[in-house]
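Colleague: Quick one: the structure is below, questions incoming.
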Amino acid sequence: MNLFREDPNLAFILKQYLDGELYAWAEQELNEFGERCGTDIDRRAAHTDREGQPRLIKYDKFGDDISEVWVNEGYRQTIAETYNRGIVGYVHKEIPELGRKGGYMYSYAQGYLLSQAEPGFYCPVTLTMATAYLLDQYADEGVKQKFLPHVVSTGETELFEGATFLTERQGGSDVGANEVKALLNGERYKLYGEKYFASNAGMCGVAMVLARRKGAPGGTKGLSLFAVPWRKEDGSVNGLQLRRLKDKLGVRAVPSGEVVFEGADAYLVGDPTKGFYYMMEALNLSRVCNAIASIGIMQRAFLEAKKYAYKRNAFGKRLADFPMVKETLADMAVKQEVEASAIFSIIPLFERVMLKKEQMSTDDVAMNRLLIALLKMETAEQAIHFAHEAIEMHGGNGYIEDFVTPRLLRDAQVLTVWEGTANILGLEVLRLIHKYNVHHAFAKRMREEMKALPEQWRNQKAVIEQGIRQLEGAVAILARESNDIQTFHCKRVARLMTKIYESVIALKDAVIGGERKQIIADIYLRNAWEGKEVDLEMLQVRYFDVLMNEGVQVGT
Ligand SMILES: Cc1cc2nc3c(=O)[nH]c(=O)nc-3n(C[C@H](O)[C@H](O)[C@H](O)COP(=O)(O)OP(=O)(O)OC[C@H]3O[C@@H](n4cnc5c(N)ncnc54)[C@H](O)[C@@H]3O)c2cc1C
């Protein structure tokens, strides 16, 4: 199976955002990578999840603590194959054949394919992306030169994977409660204390760590950012130990551990009073990764459900011939395509905010944070829902580990937790409304985009306009209420905004994407805004074959 060719929607999206030269190069790369993800990388992922999970080798034969992590051989091959294609590297350095960078759009397209096969391994990649970003943007020249060439390696030098350690035992959402200490020691610092959820521990060459310097205030303002190599130059562990690896429900490919710093050498990155601010920028990057992984799981769940429904018979018919099955599959196709389109649509703004922040307006920065929060929350929840639907489509087989479906559900479940839970994202939306009146800019932008859409869609535009008014009304009412009442409602407000955003995206795609995208927009809007008990039009059944894209593959 070639995961790129199975998904014509990815090519449809990328053609909108990549110019001809970059698209032509990316298409070839993604075609090859999609084949790898649908074959060997997928097989290795199943092995890693079941028999080949990373293991902690705590002590060597002399009883010395070496805190090493063992990973299987296939996993190592997946690391090399993935990074060498520039998933991190070409965000920061030029693609040799083209003499230009690949940017985040290419990286996220690669991540989308990878997470359809191995969401657990996409996690270390995303940590490495965050590490590269922080070093590139904020480290001084010496620290940058020491680590960055390794972090962005595409095979020419030893790869250092990255990591981001924030969470401590007393709190993950409440980062301001962090206690890990940084004590000045000559030109560097030494770290002391414990990080309780540390993904890619033992596998990373360098970790980005939040710690508090002596005399720094409490809360998030007192946190500084440090680059901490896992090993010293002589190869010994850098004043730290990996106490244990977590025994996790899913994403077992990534070793997540508890790390204890016992005087680890640490390099200060950037302004010491801005550690939390830097990490929040990187968190936005990781939230986009999270949404990409989510739409990846959604796509894989859809593909598996569809293939099974075409193959399996019950009561003398294929599953795919039953109207209820058609509805499930059609709704999955519609939701997945619209959400994939929505996520990729925010990447151009995201990239500008990340890399050219001094040129961006406050509205742009707030809009970027808003859209990321909305779509991280929505896609993570949908990934779980899709994995559930795929299991149900397989009946009893869906529950059995011979199929990929149980792993999809186990892996999806973490996506609502890490990089901020739904509650924390709801609070982020509320904060953006309070601080920047982001709902005004959002409503304005949605109305402008609708104005540019043809009259043919006036009924649908009217429905969305009603949604925008509903949003404005809700925010106005809540503005007069207490903090508790506002926080109680913040996720509802976020969900309404997501529906509005995705509806506009669905209509924009319908304008450029022809009849099939028009059907998708129609179904998306009906599902989002109408709750009819009886719908005799049954668009999901009527247009089932078109929606399933049967026989359509990129390049065929
Ligand atoms: C597999 C895995 C890998 C991880 N890897 C890393 C890593 O590499 N680096 C890292 O730093 N962290 C990592 N984490 C930690 C992760 O980011 C945290 O678990 C997450 O941020 C939530 O923090 P917490 O677990 O302390 O939960 P808490 O903060 O205790 O939250 C518990 C519940 O309370 C809710 N809650 C909290 N505050 C509020 C509020 N004000 N209003 C309403 N509800 C609230 C939350 O939404 C959540 O539902 C990882 C976690 C997992 C599961």
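Each chain in the structure tokens gets a letter, A, B, ..., in the order shown, and its residues are numbered from 1; ligands are numbered from 1 in order too.
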Near region 526-537 of chain A, within 10 Å and counting only C-alpha atoms, which residues show up once chain neighbours fewer than 5 positions away are dropped, as a list in words?
Modeller: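 The residues that qualify are Asp331, Val334, Lys335, Gln460, Val463, Ile464, Gly467, Leu496, Lys499, Ile500, Glu502, Ser503, Ile520, Ala521 and Arg542 of chain A.
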Colleague: Give me, as a CSV table (one decimal) with C-alpha atoms, in the first residue's frame, the set of residues whose atoms come within 9 Å of any atom of ligand 1, counting only C-alpha atoms and all ligand atoms.
Modeller:
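Result went into result15.csv, see below:
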chain,number,residue,atom,x,y,z
A,123,CYS,CA,6.4,11.9,18.5
A,124,PRO,CA,10.2,11.9,18.6
A,127,LEU,CA,10.2,16.8,19.6
A,163,ALA,CA,13.2,16.3,23.4
A,164,THR,CA,11.3,18.9,25.4
A,165,PHE,CA,11.1,18.3,29.2
A,166,LEU,CA,8.5,20.5,31.0
A,167,THR,CA,6.2,18.3,33.0
A,168,GLU,CA,7.1,17.5,36.6
A,169,ARG,CA,5.4,15.2,39.1
A,170,GLN,CA,3.4,18.1,40.6
A,171,GLY,CA,1.9,19.2,37.3
A,172,GLY,CA,1.9,19.2,33.6
A,173,SER,CA,-0.8,21.7,32.7
A,174,ASP,CA,0.5,24.0,35.5
A,175,VAL,CA,4.0,24.5,34.2
A,195,LYS,CA,11.1,15.6,35.1
A,196,TYR,CA,8.3,13.2,35.3
A,197,PHE,CA,7.2,12.7,31.7
A,198,ALA,CA,10.2,12.9,29.4
A,199,SER,CA,9.5,11.5,25.9
A,200,ASN,CA,12.5,10.4,23.9
A,201,ALA,CA,14.6,10.1,27.1
A,209,VAL,CA,14.5,21.7,29.5
A,210,LEU,CA,12.7,24.3,31.6
A,246,LYS,CA,6.6,4.5,31.5
A,248,LYS,CA,2.0,3.1,28.4
A,249,LEU,CA,-1.3,2.4,26.8
A,250,GLY,CA,-0.1,3.4,23.3
A,251,VAL,CA,2.6,5.3,21.4
A,252,ARG,CA,5.0,2.6,22.7
A,254,VAL,CA,8.6,6.5,22.0
A,255,PRO,CA,10.4,5.9,25.2
A,256,SER,CA,8.8,8.1,27.8
A,257,GLY,CA,10.6,8.2,31.1
A,414,VAL,CA,-2.7,10.2,24.0
A,415,LEU,CA,-3.4,13.0,21.4
A,417,VAL,CA,-3.6,14.7,26.5
A,418,TRP,CA,-0.1,15.8,25.5
A,419,GLU,CA,0.5,19.3,24.2
A,420,GLY,CA,-2.4,20.5,26.3
A,421,THR,CA,-5.7,18.8,27.1
A,422,ALA,CA,-9.0,20.0,25.8
A,423,ASN,CA,-9.7,22.0,28.9
A,424,ILE,CA,-6.3,23.7,28.7
A,425,LEU,CA,-7.0,24.5,25.0
A,426,GLY,CA,-10.4,25.9,25.9
A,427,LEU,CA,-8.7,28.1,28.5
A,487,THR,CA,-14.4,28.7,31.8
A,488,PHE,CA,-17.4,26.4,32.1
Colleague: Quick one: residues within 12 Å of Phe322 (chain A), only C-alpha atoms, excluding same-chain residues fewer than 4 positions away - as a PyMOL selection string?
Modeller: chain A and resi 309-310+312-318+326-329+393+540-541+544
Colleague: What would the file look like if the residues just selected were written as a PDB file, in the first residue's frame with C-alpha atoms?
Modeller:
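Output file again38.pdb follows:
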ATOM      1  CA  ALA A 309     -16.117  -2.963   4.210  1.00  0.00           C
ATOM      2  CA  TYR A 310     -15.367  -3.773   0.573  1.00  0.00           C
ATOM      3  CA  ARG A 312     -16.234  -8.528   4.115  1.00  0.00           C
ATOM      4  CA  ASN A 313     -19.660 -10.034   3.404  1.00  0.00           C
ATOM      5  CA  ALA A 314     -22.597 -10.334   5.767  1.00  0.00           C
ATOM      6  CA  PHE A 315     -26.100 -11.549   4.973  1.00  0.00           C
ATOM      7  CA  GLY A 316     -25.030 -12.165   1.376  1.00  0.00           C
ATOM      8  CA  LYS A 317     -23.864  -8.611   0.702  1.00  0.00           C
ATOM      9  CA  ARG A 318     -20.644  -6.651   1.030  1.00  0.00           C
ATOM     10  CA  LYS A 326     -22.137   3.799   3.535  1.00  0.00           C
ATOM     11  CA  GLU A 327     -23.129   6.583   5.885  1.00  0.00           C
ATOM     12  CA  THR A 328     -20.317   5.781   8.335  1.00  0.00           C
ATOM     13  CA  LEU A 329     -17.663   5.622   5.617  1.00  0.00           C
ATOM     14  CA  MET A 393     -16.455  -1.698  11.104  1.00  0.00           C
ATOM     15  CA  GLN A 540     -23.863   9.711   1.819  1.00  0.00           C
ATOM     16  CA  VAL A 541     -25.594   6.822   0.055  1.00  0.00           C
ATOM     17  CA  PHE A 544     -21.012   6.893  -1.945  1.00  0.00           C
TER      18      PHE A 544
END
Colleague: Excluding Gly513 (chain A) and residues on its chain fewer than 5 positions from it, collect all residues at most 9 Å away from it, counting only C-alpha atoms, and give them as an NGL selection string.
Modeller: :A and (12 or 508 or 518)
Colleague: Next, write the just-selected residues to a file, as an mmCIF file, in the first residue's frame, keeping C-alpha atoms as the atom set.
Modeller:
data_model
loop_
_atom_site.group_PDB
_atom_site.id
_atom_site.type_symbol
_atom_site.label_atom_id
_atom_site.label_comp_id
_atom_site.auth_asym_id
_atom_site.auth_seq_id
_atom_site.Cartn_x
_atom_site.Cartn_y
_atom_site.Cartn_z
ATOM 1 C CA PHE A 12 -5.025 18.409 -3.796
ATOM 2 C CA LYS A 508 -13.422 27.103 -0.310
ATOM 3 C CA GLN A 518 -19.047 20.264 -3.573
#
Colleague: Write out as an mmCIF file with N, CA, C and O atoms, in the first residue's frame the residues lying within 8 Å of Gly34 (chain A), counting only C-alpha atoms and excluding same-chain residues fewer than 2 positions away.
Modeller:
data_model
loop_
_atom_site.group_PDB
_atom_site.id
_atom_site.type_symbol
_atom_site.label_atom_id
_atom_site.label_comp_id
_atom_site.auth_asym_id
_atom_site.auth_seq_id
_atom_site.Cartn_x
_atom_site.Cartn_y
_atom_site.Cartn_z
ATOM 1 N N ASN A 2 0.557 2.204 -0.862
ATOM 2 C CA ASN A 2 1.285 3.475 -0.879
ATOM 3 C C ASN A 2 0.359 4.538 -0.274
ATOM 4 O O ASN A 2 -0.651 4.925 -0.870
ATOM 5 N N LEU A 3 0.728 5.014 0.911
ATOM 6 C CA LEU A 3 -0.180 5.906 1.648
ATOM 7 C C LEU A 3 -0.326 7.279 0.993
ATOM 8 O O LEU A 3 -1.308 7.982 1.239
ATOM 9 N N PHE A 4 0.623 7.646 0.166
ATOM 10 C CA PHE A 4 0.476 8.914 -0.570
ATOM 11 C C PHE A 4 -0.522 8.740 -1.713
ATOM 12 O O PHE A 4 -1.449 9.534 -1.887
ATOM 13 N N ARG A 5 -0.374 7.645 -2.438
ATOM 14 C CA ARG A 5 -1.251 7.453 -3.604
ATOM 15 C C ARG A 5 -2.671 7.067 -3.213
ATOM 16 O O ARG A 5 -3.608 7.245 -3.987
ATOM 17 N N LEU A 30 7.291 12.308 -1.477
ATOM 18 C CA LEU A 30 6.172 11.799 -0.671
ATOM 19 C C LEU A 30 5.639 10.496 -1.255
ATOM 20 O O LEU A 30 5.171 9.617 -0.521
ATOM 21 N N ASN A 31 5.709 10.388 -2.564
ATOM 22 C CA ASN A 31 5.298 9.145 -3.209
ATOM 23 C C ASN A 31 6.190 7.993 -2.716
ATOM 24 O O ASN A 31 5.703 6.935 -2.316
ATOM 25 N N GLU A 32 7.497 8.246 -2.711
ATOM 26 C CA GLU A 32 8.419 7.199 -2.229
ATOM 27 C C GLU A 32 8.206 6.934 -0.741
ATOM 28 O O GLU A 32 8.152 5.797 -0.297
ATOM 29 N N ARG A 36 7.033 3.587 1.508
ATOM 30 C CA ARG A 36 7.777 3.050 2.653
ATOM 31 C C ARG A 36 6.869 2.965 3.892
ATOM 32 O O ARG A 36 6.909 2.005 4.636
ATOM 33 N N CYS A 37 6.059 3.994 4.074
ATOM 34 C CA CYS A 37 5.177 4.015 5.259
ATOM 35 C C CYS A 37 4.105 2.933 5.167
ATOM 36 O O CYS A 37 3.694 2.372 6.183
ATOM 37 N N GLY A 38 3.652 2.658 3.952
ATOM 38 C CA GLY A 38 2.600 1.656 3.788
ATOM 39 C C GLY A 38 3.132 0.229 3.765
ATOM 40 O O GLY A 38 2.355 -0.718 3.711
ATOM 41 N N LEU A 113 1.993 11.360 6.564
ATOM 42 C CA LEU A 113 2.147 9.994 6.042
ATOM 43 C C LEU A 113 2.729 9.072 7.113
ATOM 44 O O LEU A 113 2.249 7.962 7.331
ATOM 45 N N LEU A 114 3.744 9.573 7.803
ATOM 46 C CA LEU A 114 4.395 8.757 8.826
ATOM 47 C C LEU A 114 3.412 8.351 9.926
ATOM 48 O O LEU A 114 3.388 7.206 10.364
#
Colleague: Just asking: which residues within region 258-339 of chain A are alpha helix (DSSP H) according to DSSP, as a VMD selection string?
Modeller: chain A and resid 275 to 311 323 to 339
Colleague: Where in region 273-355 of chain A does DSSP assign strand (DSSP E or B), given as a compact mmCIF listing (two decimals) with C-alpha atoms, in the first residue's frame?
Modeller:
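See result-v7.txt below for the written result:
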# COMPACT_ATOMS: atom_id res chain seq x y z
CA ASN A 313 -19.66 -10.03 3.40
CA ALA A 314 -22.60 -10.33 5.77
CA LYS A 317 -23.86 -8.61 0.70
CA ARG A 318 -20.64 -6.65 1.03
Colleague: Using only C-alpha atoms, which residues of region 130-228 of chain A come within 12 Å of region 232-235 of chain A, and what is the closest atom pair for each, with the distance in Å to one decimal? Give it as a tab-separated table, sorted by chain and residue number.
Modeller:
residue	atom	partner	partner_atom	distance
A:Lys146	CA	A:Glu233	CA	11.0
A:Gly205	CA	A:Lys232	CA	9.9
A:Val206	CA	A:Lys232	CA	10.5
A:Val228	CA	A:Lys232	CA	9.8
Colleague: Which residue, A:Glu179, A:Glu515, A:Glu465, A:Glu161, has the smallest gap to Ala80 (chain A) when you use only C-alpha atoms?
Modeller: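 Comparing A:Glu179, A:Glu515, A:Glu465, A:Glu161 against Ala80 (chain A), the winner is A:Glu161.
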Colleague: Excluding same-chain residues fewer than 3 positions from Ala182 (chain A), what lies within 8 Å of it counting only C-alpha atoms, as a list in words?
Modeller: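 Surrounding residues, per the criterion: Tyr189, Lys190, Leu191, Tyr192, Ala211, Arg212, Arg213 and Lys214 of chain A.
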Colleague: For each of A:Leu547, A:Ile95, A:Met354, A:Val504, take the minimum atom-to-atom distance to Tyr278 (chain A), counting only C-alpha atoms, then give the residue where this is smallest.
Modeller: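 That would be A:Met354, the residue with the smallest distance to Tyr278 (chain A).
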Colleague: Please provide as a compact mmCIF listing (two decimals) with N, CA and C atoms, in the first residue's frame all residues within 7 Å of region 109-112 of chain A, with the sequence filter that same-chain residues fewer than 2 positions apart are discarded (counting only C-alpha atoms).
Modeller:
# COMPACT_ATOMS: atom_id res chain seq x y z
N LEU A 30 7.29 12.31 -1.48
CA LEU A 30 6.17 11.80 -0.67
C LEU A 30 5.64 10.50 -1.25
N ILE A 87 12.57 15.61 7.17
CA ILE A 87 11.35 15.97 7.91
C ILE A 87 11.64 17.09 8.91
N MET A 105 5.44 23.06 5.41
CA MET A 105 4.38 22.38 4.65
C MET A 105 4.87 20.99 4.22
N TYR A 106 6.08 20.92 3.72
CA TYR A 106 6.62 19.62 3.30
C TYR A 106 6.82 18.72 4.52
N SER A 107 7.36 19.29 5.58
CA SER A 107 7.61 18.50 6.78
C SER A 107 6.31 17.90 7.32
N LEU A 114 3.74 9.57 7.80
CA LEU A 114 4.40 8.76 8.83
C LEU A 114 3.41 8.35 9.93
N SER A 115 2.60 9.29 10.35
CA SER A 115 1.74 8.99 11.50
C SER A 115 0.59 8.05 11.11
N GLN A 116 0.37 7.84 9.82
CA GLN A 116 -0.62 6.83 9.43
C GLN A 116 -0.07 5.42 9.72
N TYR A 122 6.27 9.29 15.26
CA TYR A 122 6.17 10.71 14.88
C TYR A 122 6.40 11.61 16.09
N ILE A 292 -1.56 17.04 13.07
CA ILE A 292 -1.15 16.27 11.89
C ILE A 292 -1.21 14.78 12.20
N ALA A 293 -0.70 14.40 13.37
CA ALA A 293 -0.77 12.98 13.76
C ALA A 293 -2.24 12.54 13.85
N GLY A 296 -3.63 11.99 10.53
CA GLY A 296 -2.99 10.77 10.03
C GLY A 296 -3.72 9.54 10.54
Colleague: Just to confirm, what's the straight-line distance from CA of Ala139 (chain A) to CA of Arg231 (chain A) in Å (one decimal)?
Modeller: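 So the answer is 19.1 Å.
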Colleague: Could the residues of region 480-539 of chain A that have an atom at most 8 Å from region 356-377 of chain A be listed as a tab-separated table, each with its closest atom pair and the distance in Å to one decimal, counting only C-alpha atoms and ordered by chain and ascending residue number?
Modeller:
residue	atom	partner	partner_atom	distance
A:Ala494	CA	A:Leu374	CA	6.1
A:Arg495	CA	A:Leu374	CA	7.2
A:Met497	CA	A:Leu374	CA	7.5
A:Thr498	CA	A:Leu374	CA	5.9
Colleague: Please measure the separation of CA of Val429 (chain A) and CA of Ser224 (chain A), giving the value in Å to one decimal.
Modeller: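 That distance, rounded to one decimal, is 25.2 Å.
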